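Novice: The structure's right below; bear with me while I get my questions together.
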Amino acid sequence: MEFEKLRDIIVDVLSVNPDEVKPDTKFIDDLGADSLDIYQIIMGVEEELDIEVNEEDAEKIVTVQDALDMINDVKD
């Protein structure tokens, strides 16, 4: 998944400025997301790419780059 697509989903769910979302941005610390927000982001990704993300893997996501890596692993 391209960074831009993930960023768009994050911006939509969290209502944050796209400029705030970078690969090293932390969902909780930098964007103020909670576990429900992260779940909604993952659901958006699953819908967009027609994939299923393992819940245990999803719980390990801290940064935007973590999410990108996990999505790309699931896609392959």
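Identifiers in this document derive from the order of the structure tokens: chains are assigned A, B, ..., residues are numbered from 1 separately in each chain, and ligands are numbered from 1 in order of occurrence.
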Do a neighbour search on A:Ile42 at 9 Å with only C-alpha atoms, toss out local chain neighbours closer than 6 positions, and write the hits as number ranges by chain.
Specialist: A: 9, 53, 58, 67
Novice: How about saving the chosen residues, all heavy atoms kept, as a PDB file, in the first residue's frame?
Specialist:
ATOM      1  N   ILE A   9      -6.657   7.527   4.710  1.00  0.00           N
ATOM      2  CA  ILE A   9      -7.535   6.801   5.643  1.00  0.00           C
ATOM      3  C   ILE A   9      -7.347   7.351   7.058  1.00  0.00           C
ATOM      4  O   ILE A   9      -8.314   7.590   7.782  1.00  0.00           O
ATOM      5  CB  ILE A   9      -7.257   5.285   5.591  1.00  0.00           C
ATOM      6  CG1 ILE A   9      -7.680   4.723   4.223  1.00  0.00           C
ATOM      7  CG2 ILE A   9      -7.992   4.555   6.721  1.00  0.00           C
ATOM      8  CD1 ILE A   9      -7.224   3.298   3.959  1.00  0.00           C
ATOM      9  N   VAL A  53      -6.513  -8.354   8.333  1.00  0.00           N
ATOM     10  CA  VAL A  53      -5.350  -8.122   9.188  1.00  0.00           C
ATOM     11  C   VAL A  53      -5.521  -8.924  10.475  1.00  0.00           C
ATOM     12  O   VAL A  53      -6.570  -8.869  11.113  1.00  0.00           O
ATOM     13  CB  VAL A  53      -5.215  -6.614   9.501  1.00  0.00           C
ATOM     14  CG1 VAL A  53      -4.093  -6.365  10.476  1.00  0.00           C
ATOM     15  CG2 VAL A  53      -4.995  -5.833   8.209  1.00  0.00           C
ATOM     16  N   ALA A  58      -2.121  -6.340  14.506  1.00  0.00           N
ATOM     17  CA  ALA A  58      -2.666  -4.981  14.610  1.00  0.00           C
ATOM     18  C   ALA A  58      -2.329  -4.352  15.957  1.00  0.00           C
ATOM     19  O   ALA A  58      -2.084  -3.144  16.043  1.00  0.00           O
ATOM     20  CB  ALA A  58      -4.168  -5.009  14.391  1.00  0.00           C
ATOM     21  N   ALA A  67       2.296   0.292  10.485  1.00  0.00           N
ATOM     22  CA  ALA A  67       1.054  -0.067   9.784  1.00  0.00           C
ATOM     23  C   ALA A  67       1.344  -0.398   8.322  1.00  0.00           C
ATOM     24  O   ALA A  67       0.854  -1.403   7.806  1.00  0.00           O
ATOM     25  CB  ALA A  67       0.040   1.068   9.883  1.00  0.00           C
TER      26      ALA A  67
END
Novice: I want to know what sits within 8 Å of A:Ile41, based on only C-alpha atoms, with residues of the same chain fewer than 3 positions away left out; could you give that as a list in words?
Specialist: Ile9, Ile10, Val13, Asp37, Ile38, Gly44 and Val45 of chain A
Novice: Using only C-alpha atoms, which residue out of A:Phe27, A:Val74, A:Asp69, A:Asn17 lies closest to A:Asp50?
Specialist: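 Under the stated criterion, the closest residue is A:Val74.
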Novice: Neighbours of A:Asp8 within 12 Å (only C-alpha atoms; same-chain residues fewer than 6 positions away dropped), as a PyMOL selection string?
Specialist: chain A and resi 1-2+14-22+41+44-45+48+64
